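Student: What follows is a single structure, and I will ask about it in a moment.
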Amino acid sequence: MGNVKELNHPLITHKLAILRDKNTGTKEFRELIGELAMLLCFEALSDVKLEDVEIETPIEKYKTGKFDESKYAFIPILRAGLGMLDGVLSVVPNAKVGHIGMYRDEETFKPVNYFFKVPKDIENKTVILLDPMLATGGSCNDAIDLLKEKGVKNIKFLCIIAAPEGIEEVNKKNSDIPIYCAHIDNHLNKNKYICPGLGDAGDRIFGTK
Ligand code: PRP
Ligand code: URA
């Protein structure tokens with residue numbers, strides 16, 4: 001299904017089952033979003049180019065590889081994307097962080113942008129865009145467009161749940177951007193919520209409803 005990579009592992013299914021359950025509380029929900037984000041980050045960064053280095057272990061010299069973490073920027077789409085930030089930073093702690101504020105209009109389902117702040121020199125970094133939910137794809141596409149306008153050339157999008165409709169929309173408008181998700185769900189309902197999904201990710205992460 002186009003430029004998308006779905007994590008396929010029984011432990012992911014197990015964690016998603018707890019995450020989706022309407023009886024799972026805010027604390028556990030937030031922890032699981034963080035863990036899944038960390039696992040997605042491992043997959044998305046499997047193409048990192050290492051530079052040759054020689055280090056010295058307490059036993060002997062050793063030729064190995066390292067990379068410059070500051071060449072990466074994590075950019076959560078507010079609010080729900082913030083829930084993924086600690087998880088990805090636990091993998092690449094020296095990455096830079098930006099923020100894109102967006103909410104979906106409840107009637108039109110179109111994204112409204114209200115905040116944009118990214119690290120300097122962003123055009124020379126690989127941006128890892130974070131949002132747990134890819135529903136219609138509008139928010140993701142708009143965030144990608146804002147980043148491309150700033151000259152960003154390398155973008156990857158990480159989400160927990162993706163709807164086929166959203167994947168198709170992002171693949172159509174931004175076919176160069178790889179999507180990494182923990183699961184591709186069935187479809188969107190008439191309110192453009194993902195089915196079976198997990199409900200409103202932002203409300204469940206922050207306990208606002
Ligand atoms: C949710 C979600 C995405 C967007 C996905 O945000 O976190 O940003 O909807 O929908 P789309 O693919 O149809 O654009 P929401 O608007 O609920 O804002 P919030 O994160 O502030 O709760
Ligand atoms: N945003 C959410 O938080 N959940 C959905 O199912 C769709 C959009």
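Every chain in the structure tokens takes a letter, A first, then B, and so on in the order presented; its residues are numbered from 1, and the ligands are numbered from 1 following the presented order.
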Counting only C-alpha atoms, which residues of region 17-83 of chain A sit at most 9 Å from some atom of region 111-127 of chain A, and what is each one's closest atom pair with its distance in Å to one decimal, listed by chain and rising residue number, as JSON lines?

Tutor:
```
{"residue": "A:Ser70", "atom": "CA", "partner": "A:Lys125", "partner_atom": "CA", "distance": 8.0}
{"residue": "A:Lys71", "atom": "CA", "partner": "A:Lys125", "partner_atom": "CA", "distance": 4.8}
{"residue": "A:Tyr72", "atom": "CA", "partner": "A:Thr126", "partner_atom": "CA", "distance": 4.8}
{"residue": "A:Ala73", "atom": "CA", "partner": "A:Val127", "partner_atom": "CA", "distance": 4.8}
{"residue": "A:Phe74", "atom": "CA", "partner": "A:Val127", "partner_atom": "CA", "distance": 5.9}
{"residue": "A:Ile75", "atom": "CA", "partner": "A:Val127", "partner_atom": "CA", "distance": 6.9}
{"residue": "A:Leu78", "atom": "CA", "partner": "A:Phe115", "partner_atom": "CA", "distance": 8.7}
```

Student: Deliver the residues from the most recent selection as a file, using N, CA and C atoms, as a PDB file, in the first residue's frame.

Tutor:
```pdb
ATOM      1  N   SER A  70      22.353  15.524  16.333  1.00  0.00           N
ATOM      2  CA  SER A  70      21.782  16.870  16.177  1.00  0.00           C
ATOM      3  C   SER A  70      21.369  17.167  14.730  1.00  0.00           C
ATOM      4  N   LYS A  71      21.679  16.250  13.812  1.00  0.00           N
ATOM      5  CA  LYS A  71      21.230  16.418  12.413  1.00  0.00           C
ATOM      6  C   LYS A  71      19.769  15.976  12.264  1.00  0.00           C
ATOM      7  N   TYR A  72      19.179  15.497  13.378  1.00  0.00           N
ATOM      8  CA  TYR A  72      17.778  15.042  13.367  1.00  0.00           C
ATOM      9  C   TYR A  72      16.921  15.994  14.190  1.00  0.00           C
ATOM     10  N   ALA A  73      15.691  16.207  13.742  1.00  0.00           N
ATOM     11  CA  ALA A  73      14.749  17.028  14.515  1.00  0.00           C
ATOM     12  C   ALA A  73      13.430  16.286  14.642  1.00  0.00           C
ATOM     13  N   PHE A  74      12.953  16.169  15.865  1.00  0.00           N
ATOM     14  CA  PHE A  74      11.617  15.609  16.094  1.00  0.00           C
ATOM     15  C   PHE A  74      10.624  16.764  16.125  1.00  0.00           C
ATOM     16  N   ILE A  75       9.546  16.634  15.372  1.00  0.00           N
ATOM     17  CA  ILE A  75       8.540  17.695  15.366  1.00  0.00           C
ATOM     18  C   ILE A  75       7.157  17.097  15.625  1.00  0.00           C
ATOM     19  N   LEU A  78       1.037  19.301  17.545  1.00  0.00           N
ATOM     20  CA  LEU A  78       0.296  19.507  18.793  1.00  0.00           C
ATOM     21  C   LEU A  78      -1.185  19.231  18.545  1.00  0.00           C
TER      22      LEU A  78
END
```

Student: Please return as a PyMOL selection string the residues found within 7 Å of ligand 1, counting only C-alpha atoms and all ligand atoms.

Tutor: chain A and resi 77-81+102-105+109-111+131-140+166+192+200-203

Student: Find the spatial neighbours of region 12-25 of chain A, counting only C-alpha atoms, within a cut-off of 9 Å - ignore same-chain residues fewer than 2 positions away - and output them as a PyMOL selection string.

Tutor: chain A and resi 7-10+27-30+32-33+35-36+39+160+182-183+196-199+204+207

Student: Please produce a file of the residues just selected, as a PDB file, in the first residue's frame, where the atoms kept are N, CA and C atoms.

Tutor:
```pdb
ATOM      1  N   LEU A   7       4.552  -1.712  11.486  1.00  0.00           N
ATOM      2  CA  LEU A   7       5.278  -2.618  12.383  1.00  0.00           C
ATOM      3  C   LEU A   7       4.451  -3.884  12.531  1.00  0.00           C
ATOM      4  N   ASN A   8       5.083  -5.010  12.451  1.00  0.00           N
ATOM      5  CA  ASN A   8       4.336  -6.259  12.501  1.00  0.00           C
ATOM      6  C   ASN A   8       4.993  -7.160  13.534  1.00  0.00           C
ATOM      7  N   HIS A   9       4.437  -7.182  14.737  1.00  0.00           N
ATOM      8  CA  HIS A   9       5.079  -7.924  15.825  1.00  0.00           C
ATOM      9  C   HIS A   9       4.013  -8.212  16.885  1.00  0.00           C
ATOM     10  N   PRO A  10       4.003  -9.412  17.444  1.00  0.00           N
ATOM     11  CA  PRO A  10       2.963  -9.715  18.443  1.00  0.00           C
ATOM     12  C   PRO A  10       2.982  -8.783  19.658  1.00  0.00           C
ATOM     13  N   LYS A  27      -2.667   7.438  32.501  1.00  0.00           N
ATOM     14  CA  LYS A  27      -1.245   7.169  32.782  1.00  0.00           C
ATOM     15  C   LYS A  27      -0.727   6.048  31.888  1.00  0.00           C
ATOM     16  N   GLU A  28      -1.471   4.947  31.856  1.00  0.00           N
ATOM     17  CA  GLU A  28      -1.027   3.798  31.057  1.00  0.00           C
ATOM     18  C   GLU A  28      -1.086   4.126  29.568  1.00  0.00           C
ATOM     19  N   PHE A  29      -2.113   4.862  29.173  1.00  0.00           N
ATOM     20  CA  PHE A  29      -2.257   5.249  27.764  1.00  0.00           C
ATOM     21  C   PHE A  29      -1.026   6.051  27.321  1.00  0.00           C
ATOM     22  N   ARG A  30      -0.663   7.040  28.139  1.00  0.00           N
ATOM     23  CA  ARG A  30       0.479   7.896  27.799  1.00  0.00           C
ATOM     24  C   ARG A  30       1.779   7.086  27.738  1.00  0.00           C
ATOM     25  N   LEU A  32       2.109   3.919  27.046  1.00  0.00           N
ATOM     26  CA  LEU A  32       2.109   3.056  25.856  1.00  0.00           C
ATOM     27  C   LEU A  32       2.390   3.845  24.586  1.00  0.00           C
ATOM     28  N   ILE A  33       1.833   5.048  24.488  1.00  0.00           N
ATOM     29  CA  ILE A  33       2.115   5.896  23.318  1.00  0.00           C
ATOM     30  C   ILE A  33       3.628   6.145  23.234  1.00  0.00           C
ATOM     31  N   GLU A  35       6.091   4.254  24.501  1.00  0.00           N
ATOM     32  CA  GLU A  35       6.812   3.016  24.148  1.00  0.00           C
ATOM     33  C   GLU A  35       6.678   2.708  22.661  1.00  0.00           C
ATOM     34  N   LEU A  36       5.471   2.864  22.139  1.00  0.00           N
ATOM     35  CA  LEU A  36       5.256   2.566  20.716  1.00  0.00           C
ATOM     36  C   LEU A  36       6.023   3.561  19.841  1.00  0.00           C
ATOM     37  N   LEU A  39       9.598   2.453  19.635  1.00  0.00           N
ATOM     38  CA  LEU A  39       9.780   1.312  18.726  1.00  0.00           C
ATOM     39  C   LEU A  39       9.675   1.750  17.261  1.00  0.00           C
ATOM     40  N   ILE A 160       0.931   6.196  15.298  1.00  0.00           N
ATOM     41  CA  ILE A 160       0.600   4.921  15.952  1.00  0.00           C
ATOM     42  C   ILE A 160      -0.440   4.183  15.107  1.00  0.00           C
ATOM     43  N   ALA A 182       2.276   1.849  13.648  1.00  0.00           N
ATOM     44  CA  ALA A 182       2.198   0.592  14.398  1.00  0.00           C
ATOM     45  C   ALA A 182       1.100  -0.295  13.817  1.00  0.00           C
ATOM     46  N   HIS A 183       0.036   0.322  13.287  1.00  0.00           N
ATOM     47  CA  HIS A 183      -1.035  -0.477  12.678  1.00  0.00           C
ATOM     48  C   HIS A 183      -1.845   0.313  11.669  1.00  0.00           C
ATOM     49  N   PRO A 196     -11.072   0.474  13.989  1.00  0.00           N
ATOM     50  CA  PRO A 196     -11.536   0.594  15.370  1.00  0.00           C
ATOM     51  C   PRO A 196     -10.848   1.705  16.150  1.00  0.00           C
ATOM     52  N   GLY A 197      -9.632   2.074  15.784  1.00  0.00           N
ATOM     53  CA  GLY A 197      -8.959   3.222  16.384  1.00  0.00           C
ATOM     54  C   GLY A 197      -8.751   3.127  17.882  1.00  0.00           C
ATOM     55  N   LEU A 198      -8.668   4.299  18.504  1.00  0.00           N
ATOM     56  CA  LEU A 198      -8.509   4.360  19.962  1.00  0.00           C
ATOM     57  C   LEU A 198      -9.241   5.562  20.538  1.00  0.00           C
ATOM     58  N   GLY A 199     -10.070   6.201  19.709  1.00  0.00           N
ATOM     59  CA  GLY A 199     -10.785   7.399  20.170  1.00  0.00           C
ATOM     60  C   GLY A 199      -9.982   8.652  19.877  1.00  0.00           C
ATOM     61  N   ARG A 204      -7.145  11.441  25.295  1.00  0.00           N
ATOM     62  CA  ARG A 204      -6.738  10.298  26.115  1.00  0.00           C
ATOM     63  C   ARG A 204      -5.325  10.485  26.685  1.00  0.00           C
ATOM     64  N   GLY A 207      -6.005  13.521  29.262  1.00  0.00           N
ATOM     65  CA  GLY A 207      -7.106  13.352  30.207  1.00  0.00           C
ATOM     66  C   GLY A 207      -8.102  14.484  30.166  1.00  0.00           C
TER      67      GLY A 207
END
```

Student: Check region 113-177 of chain A with DSSP on the backbone and list each residue it calls alpha helix (DSSP H), as a ChimeraX atom specification.

Tutor: /A:138-149,164-173

Student: Tell me, in Å to one decimal, how far CA of Asp176 (chain A) is from CA of Ile155 (chain A).

Tutor: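 Separating CA of Asp176 (chain A) from CA of Ile155 (chain A) is a distance of 8.5 Å.
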
Student: Just checking: using only C-alpha atoms, which residue out of A:Pro76, A:Asn174, A:Leu50, A:Glu31 ends up closest to Thr64 (chain A)?

Tutor: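 When distances to Thr64 (chain A) are compared using only C-alpha atoms, the smallest one comes from A:Leu50.
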
Student: Return as JSON, numbers by chain the full set of residues in region 15-183 of chain A whose backbone-based DSSP assignment is strand (DSSP E or B).

Tutor: {"A": [51, 52, 53, 54, 55, 56, 61, 62, 63, 64, 65, 66, 72, 73, 74, 75, 76, 77, 78, 96, 97, 99, 100, 101, 102, 103, 104, 111, 112, 113, 114, 115, 116, 117, 126, 127, 128, 129, 130, 133, 134, 154, 155, 156, 157, 158, 159, 160, 161, 162, 179, 180, 181, 182, 183]}

Student: May I have the selected residues written with C-alpha atoms, as a tab-separated table (two decimals), in the first residue's frame?

Tutor:
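Here's the written file result_0.tsv:
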```tsv
chain	number	residue	atom	x	y	z
A	51	GLU	CA	30.59	7.58	10.52
A	52	ASP	CA	33.63	5.43	11.21
A	53	VAL	CA	35.09	6.07	14.64
A	54	GLU	CA	37.70	4.43	16.77
A	55	ILE	CA	36.99	4.20	20.48
A	56	GLU	CA	38.81	2.56	23.31
A	61	LYS	CA	40.78	-0.16	20.79
A	62	TYR	CA	37.76	-0.79	18.60
A	63	LYS	CA	36.63	0.55	15.20
A	64	THR	CA	32.89	1.15	15.17
A	65	GLY	CA	30.26	3.72	14.01
A	66	LYS	CA	28.45	6.79	15.40
A	72	TYR	CA	17.78	15.04	13.37
A	73	ALA	CA	14.75	17.03	14.51
A	74	PHE	CA	11.62	15.61	16.09
A	75	ILE	CA	8.54	17.70	15.37
A	76	PRO	CA	5.33	16.73	17.16
A	77	ILE	CA	2.03	17.99	15.75
A	78	LEU	CA	0.30	19.51	18.79
A	96	LYS	CA	16.55	18.98	18.14
A	97	VAL	CA	12.84	19.56	18.72
A	99	HIS	CA	6.54	22.16	17.27
A	100	ILE	CA	3.68	22.50	14.81
A	101	GLY	CA	0.31	23.44	16.30
A	102	MET	CA	-2.72	22.14	14.43
A	103	TYR	CA	-6.27	21.17	15.27
A	104	ARG	CA	-8.97	19.64	13.11
A	111	PRO	CA	-6.68	21.21	9.85
A	112	VAL	CA	-6.17	24.70	11.25
A	113	ASN	CA	-2.56	25.73	11.84
A	114	TYR	CA	-1.95	27.88	14.96
A	115	PHE	CA	1.75	27.50	15.79
A	116	PHE	CA	5.02	26.85	13.97
A	117	LYS	CA	8.43	26.89	15.61
A	126	THR	CA	16.15	15.03	8.80
A	127	VAL	CA	12.74	15.77	10.29
A	128	ILE	CA	10.78	13.07	12.09
A	129	LEU	CA	7.20	14.30	12.20
A	130	LEU	CA	5.12	12.87	15.06
A	133	MET	CA	-3.29	9.51	14.42
A	134	LEU	CA	-3.33	9.63	10.62
A	154	ASN	CA	14.17	14.76	4.38
A	155	ILE	CA	10.96	14.05	6.29
A	156	LYS	CA	9.59	10.85	7.82
A	157	PHE	CA	6.16	10.62	9.41
A	158	LEU	CA	5.61	8.44	12.49
A	159	CYS	CA	2.11	7.58	13.72
A	160	ILE	CA	0.60	4.92	15.95
A	161	ILE	CA	-2.62	4.26	13.98
A	162	ALA	CA	-3.14	5.01	10.30
A	179	ILE	CA	4.95	6.73	6.76
A	180	TYR	CA	5.81	4.46	9.71
A	181	CYS	CA	2.85	3.20	11.72
A	182	ALA	CA	2.20	0.59	14.40
A	183	HIS	CA	-1.03	-0.48	12.68
```

Student: Given the choices A:Asn141, A:Asn186, A:Asn191, A:Asn3, which gets closest to Glu169 (chain A) if the distance is worked out from only C-alpha atoms?

Tutor: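 Ranked by minimum distance to Glu169 (chain A), first place goes to A:Asn141.
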
Student: Nearest residue to ligand 2 out of A:Asp68, A:Glu149, A:Glu43, A:Asp185, using only C-alpha atoms and all ligand atoms?

Tutor: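 For ligand 2, the nearest of the candidates is A:Asp185.
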
Student: Considering only C-alpha atoms, state which residue in the set A:Lys190, A:Leu11, A:Gly34, A:Asp142 is at the smallest distance from Glu107 (chain A).

Tutor: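 Between A:Lys190, A:Leu11, A:Gly34, A:Asp142, the residue approaching Glu107 (chain A) most closely is A:Lys190.
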
Student: So, with only C-alpha atoms and all ligand atoms as the atoms that count, which of A:Gly83, A:Ala95, A:Ile177, A:Val170 lies closest to ligand 2?

Tutor: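 Ranked by minimum distance to ligand 2, first place goes to A:Gly83.
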
Student: Please, what distance in Å, to one decimal, runs between CA of Cys41 (chain A) and CA of Val4 (chain A)?

Tutor: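 Separation of CA of Cys41 (chain A) and CA of Val4 (chain A): 14.1 Å.
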